[in-house]
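Okay, structure first, notes after.
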Amino acid sequence: MALSRFASSSRSGSLLKPLSSAISLRRPISTDTTPITLETSVPFTAHQCEAPSRTVQTTANELLTFFRDMALMRRMEIAADSLYKAKLIRGFCHLYDGQEAVAVGMEAALTKKDCIITAYRDHCTFMARGGTLLEVFAELMGRQAGCSRGKGGSMHFYKKDSNFYGGHGIVGAQVPLGCGLAFAQKYSKDEAVTFALYGDGAANQGQLFEALNISALWDLPAILVCENNHYGMGTAEWRAAKSPAYYKRGDYAPGLKVDGMDVLAVKQACTFAKEHALKNGPIILEMDTYRYHGHSMSDPGSTYRTRDEITGVRQERDPIERIRKLILSHDLATEKELKDIEKEVRKEVDDAIAQAKENPVPESSELFTNVYAKGLGVESFGADRKEVRATLP
Amino acid sequence: MAAIFQGVGAAATLSSSPSNSFVPKKFLTSPRRSFCVPSSVVVRSDGSVNFDLNSKSRRAQQLVANATKADSSAASSSSNPGHELLLFEALREGLEEEMERDPCVCVMGEDVGHYGGSYKVTKDLAKKFGDLRVLDTPIAENSFTGMGIGAAMTGLRPVVEGMNMGFLLLAFNQISNNCGMLHYTSGGQFTIPIVIRGPGGVGRQLGAEHSQRLESYFQSIPGIQMVACSTPYNAKGLMKAAIRSENPVILFEHVLLYNLKERIPDEDYICNLEEAEMVRPGEHVTILTYSRMRYHVMQAAKTLVNKGYDPEVIDIRSLKPFDLYTIGNSVKKTHRVLIVEECMRTGGIGASLTAAITENFNDYLDAPIMCLSSQDVPTPYAGTLEEWTVVQPAQIVTAVEQLCQ
């Protein structure tokens, strides 16, 4: 399994002294909230604005939460991979492993009043917004307990109460929706922002620029986040975009390029963006990230990139490993404790899968529910008004 | 173009009925033309009532709740003066009243704000409600329709105007995938209370791209409702009902009908989104129509009456879903159906309606259903050719004669 490979690599050049491991057996995992000051791996690159500082403040508690959340997401996506191969998940399944830092870092910078909308690679974003594993697996397997009652599938996860607006299959179509959410926030004076996520492939959609234009004209608190994993399905970014500097393509809108594999950098950038958008209107964030899996489960992911590239990124930039190294080097937890967290997480995922497998499929009457909002006539009566002769579309 | 049409009883629909009980059949098949202020209640099989509607002339400002007044002493309302206005003004009135009533209603479209709307439907609304509620968008239908849908997901009630229905083709993805489907794919979490409206239909030599009838393109999208208005009375009523509806509604207006004049009631009223309007009760043949073709049909009806026929004319108004109840009652009475529409022949509203009637009421038909629709051609520019693209009254008369042989 992938994670075990990294346990060994982190030991090389480890800053852990052998003695402390004995002591740490007694010390509980640090839930300290004293601030720790760190630097992001790479500085931010800015377009038409002042880049935020490289120095970020975090706490032990936060770092451990990041680790746990990302490990959970990673484990969830790997489990989804196996479920797909076992034909329990059908259709399209787009996995997010490798990109966890974006979801986790963004969530850390926001409140539940802020809206997030994304495309079809939404499992982890849904989890970050407060979704449960059961909802995820049940929806993926098309069961009743799924977040969309089994009627949406992998590409249609939504969570209204935490302002997560999905989950959209058509590339780029969620960006105007996101700007609409920002419009509604401005209209209702919510003092909140919307993060509209899209990929490097979607960055070439016209509706994106249309929406950006309108958002900039109307001063909407919209933040467009390009999750640049460098491949639009099988097409590398340099083959699809004349200008792959996505953060600059907003032209009049300011942009920021962020190392998307560094959860602290993501958090810093999102905090900065939120402040900026509330005052000055739309801003573009480009998250430089990477996906280990192919575009979806039907794509092996190796026909357009080399295995070396994938393993290279895993070794050098993996988000979970980075946090693990940070935690270990600052002595916030021992290796064993982190391994225990991973084991716990694995068990959680397995339990959720078992529970989801038990869950029933939706009733046949569910086929016709939620087509229209309740109460508006879709039934047409026969001439005698006594029986429903036709249920019309 | 401006056919000044004095429609006194034209907007009469089915009789007023008690709200919470079964509608006695005799009411509905009564041929007496009621001059009542139209009120119709959809009584569901469980006795619940859909959409509160207008009762008689009553209090001016308040929204009239369920029509509990059972009696059909309809004539009393004709003493109610009301006020006269043109169709586009009626639309504006409806929109304005809803915007006053609910601060969540906003309007988005090209030139709707400062310019006042290309057909003056939103004239002066920007001055009254401000730039945040009446929004001028750039020419970007795909994205501003998407933005309207996004805003609707949070609970706002945007009214998106397409300057011409043909331009909404650019937003088709948003309308079909997001507008229609989000309620379903989110398992009911989000409702999309958006109204998409705009003029369509064949105008006066506007050219092929600006004379499109797109009802057929939208009709298979699950999750949306479609209505077509034809008189100032139902324009205002449908506009208000559409705004209040929790479902996405596409309101089709017609370029040539904007200057129709009619007297409409002063008080608040809405029209049921799913109900058809009985324009002229009759015995011999049922003519189903909507939007501008209603007037061609009524013109043909005059000729037909002189020739001794008694056509029943129904303005179906609700294009999705069809009001098979009203239509079915009519078919049961007359046994002959003629559909007159402006939509394209192939896969048009008439085609769907023919299928629906045949499936449900085949036993009651004495003759095959005839459907007169526009020719399957892009609308030509030349005036004479354009006339022949749409159905003319003479053709309707011939068709009825053929049908009634």
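Just so we're on the same page: first chain in the structure tokens is A, next is B, and so on; residues restart at 1 for each chain, and ligands are numbered from 1 in the order they show up.
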For Leu288 of chain B, list every protein, DNA or RNA residue within 8 Å, evaluated using only C-alpha atoms, and leave out those in the same chain fewer than 3 positions away; present the list as a list in words.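 Using only C-alpha atoms, the neighbours found are Val313, Ile314, Asp315, Ile316, Val337, Leu338, Ile339 and Val340 of chain B.
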Just the selected residues (all heavy atoms), exported as an mmCIF file, in the first residue's frame, please.
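And here is the file that came out, result.cif:
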```cif
data_model
loop_
_atom_site.group_PDB
_atom_site.id
_atom_site.type_symbol
_atom_site.label_atom_id
_atom_site.label_comp_id
_atom_site.auth_asym_id
_atom_site.auth_seq_id
_atom_site.Cartn_x
_atom_site.Cartn_y
_atom_site.Cartn_z
ATOM 1 N N VAL B 313 -62.756 26.236 -28.655
ATOM 2 C CA VAL B 313 -61.359 26.665 -28.737
ATOM 3 C C VAL B 313 -60.753 26.657 -27.343
ATOM 4 O O VAL B 313 -61.279 27.279 -26.418
ATOM 5 C CB VAL B 313 -61.252 28.086 -29.338
ATOM 6 C CG1 VAL B 313 -59.794 28.506 -29.421
ATOM 7 C CG2 VAL B 313 -61.896 28.121 -30.708
ATOM 8 N N ILE B 314 -59.658 25.949 -27.215
ATOM 9 C CA ILE B 314 -58.965 25.890 -25.925
ATOM 10 C C ILE B 314 -57.542 26.391 -26.119
ATOM 11 O O ILE B 314 -56.826 25.917 -27.001
ATOM 12 C CB ILE B 314 -58.928 24.446 -25.389
ATOM 13 C CG1 ILE B 314 -60.341 23.974 -25.093
ATOM 14 C CG2 ILE B 314 -58.066 24.362 -24.141
ATOM 15 C CD1 ILE B 314 -60.389 22.574 -24.560
ATOM 16 N N ASP B 315 -57.172 27.335 -25.292
ATOM 17 C CA ASP B 315 -55.788 27.817 -25.299
ATOM 18 C C ASP B 315 -55.045 26.973 -24.257
ATOM 19 O O ASP B 315 -55.299 27.107 -23.068
ATOM 20 C CB ASP B 315 -55.777 29.301 -24.911
ATOM 21 C CG ASP B 315 -54.375 29.900 -24.907
ATOM 22 O OD1 ASP B 315 -53.376 29.150 -24.882
ATOM 23 O OD2 ASP B 315 -54.271 31.128 -24.910
ATOM 24 N N ILE B 316 -54.186 26.099 -24.722
ATOM 25 C CA ILE B 316 -53.642 25.133 -23.761
ATOM 26 C C ILE B 316 -52.727 25.747 -22.708
ATOM 27 O O ILE B 316 -52.568 25.221 -21.623
ATOM 28 C CB ILE B 316 -52.916 23.945 -24.424
ATOM 29 C CG1 ILE B 316 -51.719 24.418 -25.254
ATOM 30 C CG2 ILE B 316 -53.861 23.138 -25.257
ATOM 31 C CD1 ILE B 316 -50.923 23.261 -25.813
ATOM 32 N N VAL B 337 -60.476 16.534 -32.955
ATOM 33 C CA VAL B 337 -59.458 17.443 -32.451
ATOM 34 C C VAL B 337 -58.646 18.022 -33.589
ATOM 35 O O VAL B 337 -58.213 17.310 -34.491
ATOM 36 C CB VAL B 337 -58.476 16.699 -31.501
ATOM 37 C CG1 VAL B 337 -57.418 17.653 -30.990
ATOM 38 C CG2 VAL B 337 -59.230 16.082 -30.354
ATOM 39 N N LEU B 338 -58.438 19.325 -33.494
ATOM 40 C CA LEU B 338 -57.530 20.005 -34.417
ATOM 41 C C LEU B 338 -56.540 20.775 -33.555
ATOM 42 O O LEU B 338 -56.923 21.492 -32.647
ATOM 43 C CB LEU B 338 -58.309 20.977 -35.309
ATOM 44 C CG LEU B 338 -57.462 21.911 -36.178
ATOM 45 C CD1 LEU B 338 -56.716 21.125 -37.224
ATOM 46 C CD2 LEU B 338 -58.349 22.946 -36.839
ATOM 47 N N ILE B 339 -55.269 20.575 -33.826
ATOM 48 C CA ILE B 339 -54.253 21.303 -33.070
ATOM 49 C C ILE B 339 -53.674 22.351 -34.006
ATOM 50 O O ILE B 339 -53.258 22.038 -35.118
ATOM 51 C CB ILE B 339 -53.141 20.358 -32.592
ATOM 52 C CG1 ILE B 339 -53.745 19.278 -31.704
ATOM 53 C CG2 ILE B 339 -52.078 21.129 -31.829
ATOM 54 C CD1 ILE B 339 -52.759 18.208 -31.320
ATOM 55 N N VAL B 340 -53.652 23.572 -33.559
ATOM 56 C CA VAL B 340 -53.090 24.650 -34.376
ATOM 57 C C VAL B 340 -51.973 25.293 -33.582
ATOM 58 O O VAL B 340 -52.202 25.837 -32.507
ATOM 59 C CB VAL B 340 -54.151 25.717 -34.707
ATOM 60 C CG1 VAL B 340 -53.540 26.824 -35.553
ATOM 61 C CG2 VAL B 340 -55.317 25.089 -35.430
#
```
Chain A contacts to chain B at 6 Å (only C-alpha atoms) as a PyMOL selection string: chain A and resi 148-149+151-152+158+176-177+179-181+184+207+210-211+370-373+380-383
Among segment 39-73 of chain A, which ones does DSSP assign to strand (DSSP E or B) (computed from the backbone)? Answer as a compact mmCIF listing (two decimals) with C-alpha atoms, in the first residue's frame.
```txt
# COMPACT_ATOMS: atom_id res chain seq x y z
CA GLU A 39 7.17 28.63 5.79
CA THR A 45 3.28 33.99 -7.48
CA ALA A 46 0.90 36.86 -7.90
CA HIS A 47 -0.76 38.56 -10.81
CA THR A 55 5.05 32.56 6.59
CA VAL A 56 2.10 30.71 7.97
CA GLN A 57 0.90 30.14 11.46
CA THR A 58 -0.47 26.86 12.51
CA THR A 59 -0.88 24.76 15.62
```
From the set B:Arg197, B:Lys236, B:Lys127, B:His296, which residue has the shortest atom-to-atom contact distance to Gly113 of chain B, counting only C-alpha atoms? B:Lys127
So which residues touch Gly130 of chain A within 9 Å, counting only C-alpha atoms, skipping near sequence neighbours fewer than 5 positions away, as a PyMOL selection string? chain A and resi 125+159+162
Looking at A:Ile214, A:Ala51, A:Ala145, A:Met70, which one is nearest to Glu363 of chain A, with distances taken over only C-alpha atoms? A:Ala145
Would you kindly return, as a PyMOL selection string, each protein, DNA or RNA residue with an atom no farther than 12 Å from any atom of Leu257 of chain B, considering only C-alpha atoms and excluding same-chain residues fewer than 5 positions away? chain B and resi 1-5+86-91+119+199-204+228-232+235+252+262+290-295
Could you produce a table of the residues of segment 63-178 of chain A lying within 9 Å of segment 310-330 of chain A, with the nearest pair of atoms per residue and their separation in Å rounded to one decimal, using only C-alpha atoms, ordered by chain and increasing residue number, as CSV?
```
residue,atom,partner,partner_atom,distance
A:Leu63,CA,A:Ile323,CA,7.0
A:Leu64,CA,A:Ile327,CA,7.5
A:Phe66,CA,A:Ile323,CA,7.7
A:Phe67,CA,A:Ile323,CA,6.3
A:Met70,CA,A:Ile320,CA,6.4
A:Ala71,CA,A:Ile320,CA,6.9
A:Arg74,CA,A:Ile320,CA,8.8
A:Gly98,CA,A:Asp318,CA,6.6
A:Gln99,CA,A:Pro319,CA,7.8
A:Glu100,CA,A:Pro319,CA,7.2
A:Ala101,CA,A:Pro319,CA,5.9
```
Restricted to N, CA and C atoms, what would the selected residues look like written as a short mmCIF file (atom, residue, chain, number, x, y, z; two decimals), in the first residue's frame?
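The new file result.cif reads:
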```
data_model
loop_
_atom_site.label_atom_id
_atom_site.label_comp_id
_atom_site.auth_asym_id
_atom_site.auth_seq_id
_atom_site.Cartn_x
_atom_site.Cartn_y
_atom_site.Cartn_z
N LEU A 63 -2.34 20.74 12.61
CA LEU A 63 -1.56 19.85 11.76
C LEU A 63 -2.02 18.42 11.87
N LEU A 64 -2.34 18.02 13.09
CA LEU A 64 -2.82 16.65 13.25
C LEU A 64 -4.18 16.46 12.62
N PHE A 66 -5.21 18.06 10.02
CA PHE A 66 -4.95 17.97 8.59
C PHE A 66 -4.52 16.56 8.23
N PHE A 67 -3.61 16.03 9.02
CA PHE A 67 -3.11 14.70 8.71
C PHE A 67 -4.24 13.70 8.69
N MET A 70 -6.70 14.24 5.72
CA MET A 70 -6.16 13.84 4.42
C MET A 70 -5.98 12.34 4.33
N ALA A 71 -5.57 11.74 5.44
CA ALA A 71 -5.42 10.28 5.44
C ALA A 71 -6.77 9.63 5.20
N ARG A 74 -7.64 10.01 1.56
CA ARG A 74 -6.81 9.12 0.73
C ARG A 74 -7.34 7.70 0.81
N GLY A 98 -4.16 12.54 -4.08
CA GLY A 98 -3.07 13.40 -4.52
C GLY A 98 -3.45 14.85 -4.35
N GLN A 99 -4.74 15.14 -4.49
CA GLN A 99 -5.19 16.53 -4.42
C GLN A 99 -5.80 16.89 -3.08
N GLU A 100 -5.68 16.00 -2.08
CA GLU A 100 -6.38 16.23 -0.81
C GLU A 100 -6.07 17.57 -0.18
N ALA A 101 -4.84 18.03 -0.37
CA ALA A 101 -4.45 19.26 0.33
C ALA A 101 -5.35 20.43 -0.06
#
```
Which of segment 195-266 of chain B fall in alpha helix (DSSP H), as a list in words: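 Filtering segment 195-266 of chain B to alpha helix (DSSP H) leaves Glu215, Ser216, Tyr217, Phe218, Pro232, Tyr233, Asn234, Ala235, Lys236, Gly237, Leu238, Met239, Lys240, Ala241, Ala242, Ile243 and Arg244 of chain B.
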